[in-house]
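A.B. asks: Below is a structure I'd like to ask you about.
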Amino acid sequence: MKDLKHLIWFEDLLQQANNELVQRAAAEGQLALGYNCYYIPEVLLNLPGCFSSRLRAPNSGTAEIASYYMTNRNCPYVRCILERAIEGGFNYLNALFGAEGCAAMERMEEHFALLKPVKNDRFITTIIDPPMKGDRTSLDYYKAQLKAKVLDALRDSFGVDTSDDALRAAIEKHNRLCRVITEIGDLRKAENPVITGYEYHVIVLVSQVCPHDLILPYLEETLAELKTRRPEAEFPFRARVVLAGSEIDDPEFTKLLESCGAMVVADRYCFGTFPGREEIKIHGGETAFDAVCRHYLHHNQCVRFMDGAKIDQRHSELRRLAEEARSTGQTILLEPLSPFESNTCTTAAEIAAVLSELNDPTVCTMCDMVASYVQDETAAEFYQCTGSAMVHLHIADSDGRSEAHILPGDGTLPLRSELEALRQAGYDGTATIELVSMYTDDPTYYARCAIERTRELL
């Protein structure tokens with residue numbers, strides 16, 4: 001396909017947090033307001049005279065200084081953000097609005113206050129205590145947190161207009177951006193799309209890290225360009241996939257998947273659009289602030305939610321994802337995590353119950369050997385419980401007491417006997433080796449080592 005007019009420039013905007021448009025907005029006197037988590041409503045950071053800046057640390061290395069303060073057991077995203085702050089990469093910020101969504105994120109945000117790495121005399125840090133439930137009491141608490149630690153902080157520290165009229169105007173601008181991003185994203189559903197998943201990921205990211213007033217005209221121009229763009233003569237991919245995760249903010253990962261023949265046609269991660277780019281509706285009798293709080297608490301799909309209503313909502317959201325997948329010929333794999341990572345669907349029996357309730361062949365499952373092992377289950381038992389719905393396997397070793405995914409042979413999981421039992425049970429699906437953040441210092445070496453050891457087991 002013909003290259004998109006602004007794609008190279010969009011890619012360049014993602015190479016540093018303090019990009020060209022951020023610098024322009026700051027030079028015009030606008031307040032740069034940083035955030036990391038969906039719990040902080042983006043629209044509240046785009047009141048008059050302000051712009052939101054979702055924090056990324058592109059081109060990060062080993063984050064050695066941040067690891068000294070936070071240890072290398074914390075996730076690489078939060079360590080890289082702190083490292084970039086210490087390097088001076090966020091000196092353009094006037095504020096960081098944090099959320100205690102997880103302990104690692106909170107520790108990183110606290111270090112912004114303790115170490116004072118942002119060299120800006122006006123810089124402030126606030127951290128909300130987000131509710132982990134979606135009921136009325138939790139909504140009231142969420143509203144109180146956002147009022148005290150976002151709206152009041154903006155008004156008292158910077159004199160920002162936080163009136164209902166200002167919020168309604170911010171919502172209108174926010175919705176305009178959401179409509180453009182959603183319409184571009186829907187183009188991925190075509191039989192032969194005029195946009196790749198990589199291009200879309202880049203477009204979504206620039207909408208999150210650049211001032212909306214400055215980036216929106218280019219996004220609207222890109223949408224108009226896509227409507228007349230000619231697709232490839234034949235669909236160039238072998239599969240269509242949904243990419244799910246958490247802080248996936250590197251479009252090169254999407255490019256890697258697509259270079260292997262799998263087009264990313266839908267997303268479900270914190271830097272994506274599901275949730276993230278739904279329009280905010282103001283119901284009758286609501287203030288603009290009430291609508292924002294209701295919207296973000298309702299659409300929030302954080303895995304740390306623990307009430308029954310939110311768990312039920314996950315089922316309805318899964319049905320919605322299944323409908324999206326069905327329209328583009330995809331299959332969704334529902335992966336159970338360990339109890340250290342999630343409080344929803346961690347065992348084979350729980351996954352089987354969800355699959356039975358959905359009764360949708362679009363939704364299948366897979367087994368992570370580590371998640372099963374730490375719960376005294378085997379991969380063969382997982383297969384026997386879920387049957388033909390299990391179509392994939394994650395191979396890794398385990399220490400038996402945490403979610404750590406260890407090189408095959410370095411842990412206590414009896415991989416050889418488990419894989420043989422799984423084969424004897426009749427499983428003949430696919431498998432991949434899953435190594436995570438513990439091995440990021442030299443991934444090529446460890447990947448080669450893992451492949452060699454796994455071959456010896458098979």
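Chain labels A, B, ... are given in the sequence in which chains occur in the structure tokens; within each chain residues are numbered consecutively from 1, and ligands are likewise numbered from 1 in the order shown.
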Any chance you could list, as a compact mmCIF listing (two decimals) with C-alpha atoms, in the first residue's frame, the residues in segment 143-249 of chain A that come up helix (DSSP H, G or I) when DSSP is run on the backbone?
C.D. replies:
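Output below, filename result00.txt:
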# COMPACT_ATOMS: atom_id res chain seq x y z
CA LYS A 143 -15.41 10.87 42.59
CA ALA A 144 -14.07 12.15 45.91
CA GLN A 145 -10.55 10.99 45.03
CA LEU A 146 -10.60 12.60 41.58
CA LYS A 147 -12.05 15.84 42.91
CA ALA A 148 -9.51 16.18 45.72
CA LYS A 149 -6.41 14.94 43.92
CA VAL A 150 -7.03 16.01 40.31
CA LEU A 151 -9.57 18.81 39.95
CA ASP A 152 -8.80 20.59 43.21
CA ALA A 153 -5.06 20.15 42.65
CA LEU A 154 -5.35 21.71 39.19
CA ARG A 155 -7.41 24.60 40.50
CA ASP A 156 -5.36 25.30 43.62
CA SER A 157 -1.87 24.77 42.15
CA PHE A 158 -2.33 26.23 38.67
CA ASP A 164 -18.96 22.27 34.61
CA ASP A 165 -18.84 24.33 31.43
CA ALA A 166 -15.09 23.75 31.09
CA LEU A 167 -15.55 20.02 31.65
CA ARG A 168 -18.33 19.80 29.06
CA ALA A 169 -16.12 21.52 26.50
CA ALA A 170 -13.27 19.10 27.31
CA ILE A 171 -15.64 16.13 26.89
CA GLU A 172 -16.80 17.44 23.51
CA LYS A 173 -13.19 17.70 22.28
CA HIS A 174 -12.36 14.30 23.76
CA ASN A 175 -15.31 12.68 21.97
CA ARG A 176 -14.28 14.22 18.67
CA LEU A 177 -10.87 12.58 19.01
CA CYS A 178 -12.47 9.27 20.03
CA ARG A 179 -14.72 9.26 16.97
CA VAL A 180 -11.76 9.72 14.64
CA ILE A 181 -9.70 6.97 16.31
CA THR A 182 -12.67 4.58 16.39
CA GLU A 183 -13.46 5.15 12.71
CA ILE A 184 -9.83 4.51 11.77
CA GLY A 185 -9.80 1.36 13.94
CA ASP A 186 -12.98 0.02 12.33
CA LEU A 187 -11.15 -0.05 8.99
CA ARG A 188 -9.20 -3.04 10.34
CA LYS A 189 -12.37 -5.14 10.14
CA GLY A 197 -2.27 -3.07 12.95
CA TYR A 198 1.14 -1.42 13.26
CA GLU A 199 -0.03 1.77 11.59
CA TYR A 200 -3.08 1.87 13.83
CA HIS A 201 -0.99 1.30 16.97
CA VAL A 202 1.21 4.27 16.02
CA ILE A 203 -1.86 6.44 15.42
CA VAL A 204 -3.40 5.51 18.79
CA LEU A 205 -0.16 6.21 20.64
CA VAL A 206 0.32 9.68 19.14
CA SER A 207 -3.25 10.48 20.19
CA GLN A 208 -2.26 9.68 23.78
CA VAL A 209 1.15 11.32 24.04
CA HIS A 212 -4.99 16.79 21.37
CA ASP A 213 -5.53 20.22 19.82
CA LEU A 214 -2.29 19.89 17.85
CA ILE A 215 -2.48 16.25 16.77
CA LEU A 216 -6.20 16.01 15.92
CA PRO A 217 -6.04 17.83 12.54
CA TYR A 218 -3.38 15.36 11.36
CA LEU A 219 -5.45 12.41 12.55
CA GLU A 220 -8.50 13.70 10.69
CA GLU A 221 -6.39 14.16 7.56
CA THR A 222 -5.10 10.59 7.96
CA LEU A 223 -8.68 9.27 8.23
CA ALA A 224 -9.63 11.06 5.01
CA GLU A 225 -6.51 9.64 3.34
CA LEU A 226 -7.37 6.10 4.46
CA LYS A 227 -10.85 6.33 2.97
A.B. asks: What parts of segment 59-224 of chain A does DSSP call strand (DSSP E or B)? I'd like the answer as a list of chain:residue names.
C.D. replies: A:Ala95, A:Leu96, A:Phe97, A:Gly98, A:Ala99, A:Ile124, A:Thr125, A:Thr126, A:Ile127, A:Ile128
A.B. asks: Go ahead and save the residues from that selection, with C-alpha atoms, as an mmCIF file, in the first residue's frame.
C.D. replies:
data_model
loop_
_atom_site.group_PDB
_atom_site.id
_atom_site.type_symbol
_atom_site.label_atom_id
_atom_site.label_comp_id
_atom_site.auth_asym_id
_atom_site.auth_seq_id
_atom_site.Cartn_x
_atom_site.Cartn_y
_atom_site.Cartn_z
ATOM 1 C CA ALA A 95 2.332 17.407 37.253
ATOM 2 C CA LEU A 96 2.102 13.636 37.510
ATOM 3 C CA PHE A 97 -1.322 12.278 38.408
ATOM 4 C CA GLY A 98 -0.857 8.731 39.646
ATOM 5 C CA ALA A 99 -3.118 5.886 40.711
ATOM 6 C CA ILE A 124 3.447 18.413 41.707
ATOM 7 C CA THR A 125 2.626 14.737 42.232
ATOM 8 C CA THR A 126 -0.688 13.370 43.467
ATOM 9 C CA ILE A 127 -1.779 9.732 43.751
ATOM 10 C CA ILE A 128 -5.407 8.626 43.953
#
A.B. asks: Quick check, in Å to one decimal: how far apart do atom CA of Ala26 of chain A and atom CA of Cys210 of chain A lie?
C.D. replies: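 Distance reported for this atom pair: 11.2 Å.
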A.B. asks: List the neighbours of Thr378 of chain A out to 9 Å using only C-alpha atoms; skip same-chain residues closer than 3 positions along the sequence, and give me the result as a PyMOL selection string.
C.D. replies: chain A and resi 369+372-373+375+381-383+418+421-422
A.B. asks: Write a file of the just-selected residues containing C-alpha atoms, as a CSV table (one decimal), in the first residue's frame.
C.D. replies:
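See again28.csv below for the written result:
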chain,number,residue,atom,x,y,z
A,369,MET,CA,2.2,-24.5,32.7
A,372,SER,CA,-1.3,-24.5,36.6
A,373,TYR,CA,1.8,-25.8,38.5
A,375,GLN,CA,-2.1,-24.3,41.9
A,381,GLU,CA,-5.4,-32.2,33.9
A,382,PHE,CA,-6.1,-28.8,32.3
A,383,TYR,CA,-6.6,-30.5,28.9
A,418,GLU,CA,4.2,-33.2,32.3
A,421,ALA,CA,1.4,-36.8,30.1
A,422,LEU,CA,-0.1,-34.1,28.0
A.B. asks: Please indicate the distance in Å from atom CA of Glu28 of chain A to atom CA of His6 of chain A, rounded to one decimal place.
C.D. replies: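 Atom CA of Glu28 of chain A sits 23.4 Å away from atom CA of His6 of chain A.
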A.B. asks: Segment 24-132 of chain A near segment 302-310 of chain A within 12 Å: what's each residue's closest atom pair and its distance in Å to one decimal, counting only C-alpha atoms, ordered by chain then ascending residue number, as a Markdown table?
C.D. replies:
| residue | atom | partner | partner_atom | distance |
| --- | --- | --- | --- | --- |
| A:Cys37 | CA | A:Cys302 | CA | 9.9 |
| A:Tyr38 | CA | A:Cys302 | CA | 8.6 |
| A:Tyr39 | CA | A:Cys302 | CA | 8.9 |
| A:Glu100 | CA | A:Arg304 | CA | 11.0 |
| A:Gly101 | CA | A:Arg304 | CA | 7.7 |
| A:Cys102 | CA | A:Arg304 | CA | 8.2 |
| A:Ala103 | CA | A:Arg304 | CA | 11.4 |
| A:Pro130 | CA | A:Phe305 | CA | 10.1 |
| A:Pro131 | CA | A:Phe305 | CA | 8.0 |
| A:Met132 | CA | A:Phe305 | CA | 4.4 |
A.B. asks: Could you check how far atom CA of Leu413 of chain A sits from atom CA of Thr347 of chain A, in Å to one decimal?
C.D. replies: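 According to the coordinates, atom CA of Leu413 of chain A and atom CA of Thr347 of chain A are separated by 17.2 Å.
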A.B. asks: Skipping near chain neighbours, those fewer than 6 positions away, what residues fall within 8 Å of Ala244 of chain A using only C-alpha atoms, listed as a PyMOL selection string?
C.D. replies: chain A and resi 267-269
A.B. asks: Excluding segment 255-259 of chain A and any residue of its chain fewer than 2 positions from it, enumerate the residues within 10 Å of it, using only C-alpha atoms, and give them as a list in words.
C.D. replies: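 Counting only the stated atoms, we get Thr196, Gly197, Tyr198, Glu199, His201, Pro236, Phe237, Arg238, Ala239, Arg240, Val241, Leu243, Asp250, Pro251, Glu252, Phe253, Gly261, Ala262, Met263 and Val264 of chain A.
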A.B. asks: Now that the selection is made, can you save its residues with N, CA and C atoms as a PDB file, in the first residue's frame?
C.D. replies:
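Output saved as selection.pdb:
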ATOM      1  N   THR A 196      -2.774  -1.289   8.481  1.00  0.00           N
ATOM      2  CA  THR A 196      -2.209  -2.409   9.231  1.00  0.00           C
ATOM      3  C   THR A 196      -2.372  -2.164  10.725  1.00  0.00           C
ATOM      4  N   GLY A 197      -2.217  -3.212  11.511  1.00  0.00           N
ATOM      5  CA  GLY A 197      -2.271  -3.070  12.951  1.00  0.00           C
ATOM      6  C   GLY A 197      -1.156  -2.187  13.472  1.00  0.00           C
ATOM      7  N   TYR A 198       0.018  -2.269  12.858  1.00  0.00           N
ATOM      8  CA  TYR A 198       1.139  -1.421  13.258  1.00  0.00           C
ATOM      9  C   TYR A 198       0.819   0.050  13.046  1.00  0.00           C
ATOM     10  N   GLU A 199       0.308   0.379  11.868  1.00  0.00           N
ATOM     11  CA  GLU A 199      -0.035   1.775  11.591  1.00  0.00           C
ATOM     12  C   GLU A 199      -1.061   2.293  12.587  1.00  0.00           C
ATOM     13  N   HIS A 201      -1.611   1.170  15.650  1.00  0.00           N
ATOM     14  CA  HIS A 201      -0.989   1.295  16.971  1.00  0.00           C
ATOM     15  C   HIS A 201      -0.232   2.623  17.072  1.00  0.00           C
ATOM     16  N   PRO A 236      -2.407  -9.674   2.802  1.00  0.00           N
ATOM     17  CA  PRO A 236      -1.017 -10.144   2.919  1.00  0.00           C
ATOM     18  C   PRO A 236      -0.693 -10.927   4.192  1.00  0.00           C
ATOM     19  N   PHE A 237      -1.696 -11.217   5.031  1.00  0.00           N
ATOM     20  CA  PHE A 237      -1.431 -11.906   6.292  1.00  0.00           C
ATOM     21  C   PHE A 237      -2.068 -13.295   6.307  1.00  0.00           C
ATOM     22  N   ARG A 238      -1.570 -14.141   7.199  1.00  0.00           N
ATOM     23  CA  ARG A 238      -2.080 -15.505   7.302  1.00  0.00           C
ATOM     24  C   ARG A 238      -3.117 -15.674   8.406  1.00  0.00           C
ATOM     25  N   ALA A 239      -3.194 -14.701   9.321  1.00  0.00           N
ATOM     26  CA  ALA A 239      -4.127 -14.798  10.440  1.00  0.00           C
ATOM     27  C   ALA A 239      -4.480 -13.398  10.917  1.00  0.00           C
ATOM     28  N   ARG A 240      -5.599 -13.299  11.616  1.00  0.00           N
ATOM     29  CA  ARG A 240      -6.028 -12.052  12.245  1.00  0.00           C
ATOM     30  C   ARG A 240      -6.084 -12.304  13.745  1.00  0.00           C
ATOM     31  N   VAL A 241      -5.467 -11.427  14.535  1.00  0.00           N
ATOM     32  CA  VAL A 241      -5.363 -11.685  15.970  1.00  0.00           C
ATOM     33  C   VAL A 241      -5.781 -10.466  16.779  1.00  0.00           C
ATOM     34  N   LEU A 243      -4.637  -8.477  20.136  1.00  0.00           N
ATOM     35  CA  LEU A 243      -3.466  -8.332  21.001  1.00  0.00           C
ATOM     36  C   LEU A 243      -3.937  -7.819  22.357  1.00  0.00           C
ATOM     37  N   ASP A 250       4.824  -0.267  22.751  1.00  0.00           N
ATOM     38  CA  ASP A 250       5.859  -0.290  21.723  1.00  0.00           C
ATOM     39  C   ASP A 250       5.264  -0.829  20.426  1.00  0.00           C
ATOM     40  N   PRO A 251       5.004   0.019  19.443  1.00  0.00           N
ATOM     41  CA  PRO A 251       4.412  -0.461  18.190  1.00  0.00           C
ATOM     42  C   PRO A 251       5.314  -1.433  17.437  1.00  0.00           C
ATOM     43  N   GLU A 252       6.609  -1.470  17.785  1.00  0.00           N
ATOM     44  CA  GLU A 252       7.494  -2.436  17.137  1.00  0.00           C
ATOM     45  C   GLU A 252       7.088  -3.869  17.484  1.00  0.00           C
ATOM     46  N   PHE A 253       6.450  -4.048  18.638  1.00  0.00           N
ATOM     47  CA  PHE A 253       5.950  -5.379  18.999  1.00  0.00           C
ATOM     48  C   PHE A 253       4.830  -5.789  18.050  1.00  0.00           C
ATOM     49  N   GLY A 261       3.167 -12.703   9.970  1.00  0.00           N
ATOM     50  CA  GLY A 261       1.967 -13.093   9.235  1.00  0.00           C
ATOM     51  C   GLY A 261       0.670 -12.958   9.998  1.00  0.00           C
ATOM     52  N   ALA A 262       0.689 -12.346  11.195  1.00  0.00           N
ATOM     53  CA  ALA A 262      -0.521 -12.210  12.001  1.00  0.00           C
ATOM     54  C   ALA A 262      -0.909 -10.742  12.106  1.00  0.00           C
ATOM     55  N   MET A 263      -1.987 -10.341  11.447  1.00  0.00           N
ATOM     56  CA  MET A 263      -2.422  -8.948  11.509  1.00  0.00           C
ATOM     57  C   MET A 263      -3.183  -8.693  12.799  1.00  0.00           C
ATOM     58  N   VAL A 264      -2.805  -7.633  13.506  1.00  0.00           N
ATOM     59  CA  VAL A 264      -3.492  -7.248  14.740  1.00  0.00           C
ATOM     60  C   VAL A 264      -4.695  -6.392  14.355  1.00  0.00           C
TER      61      VAL A 264
END
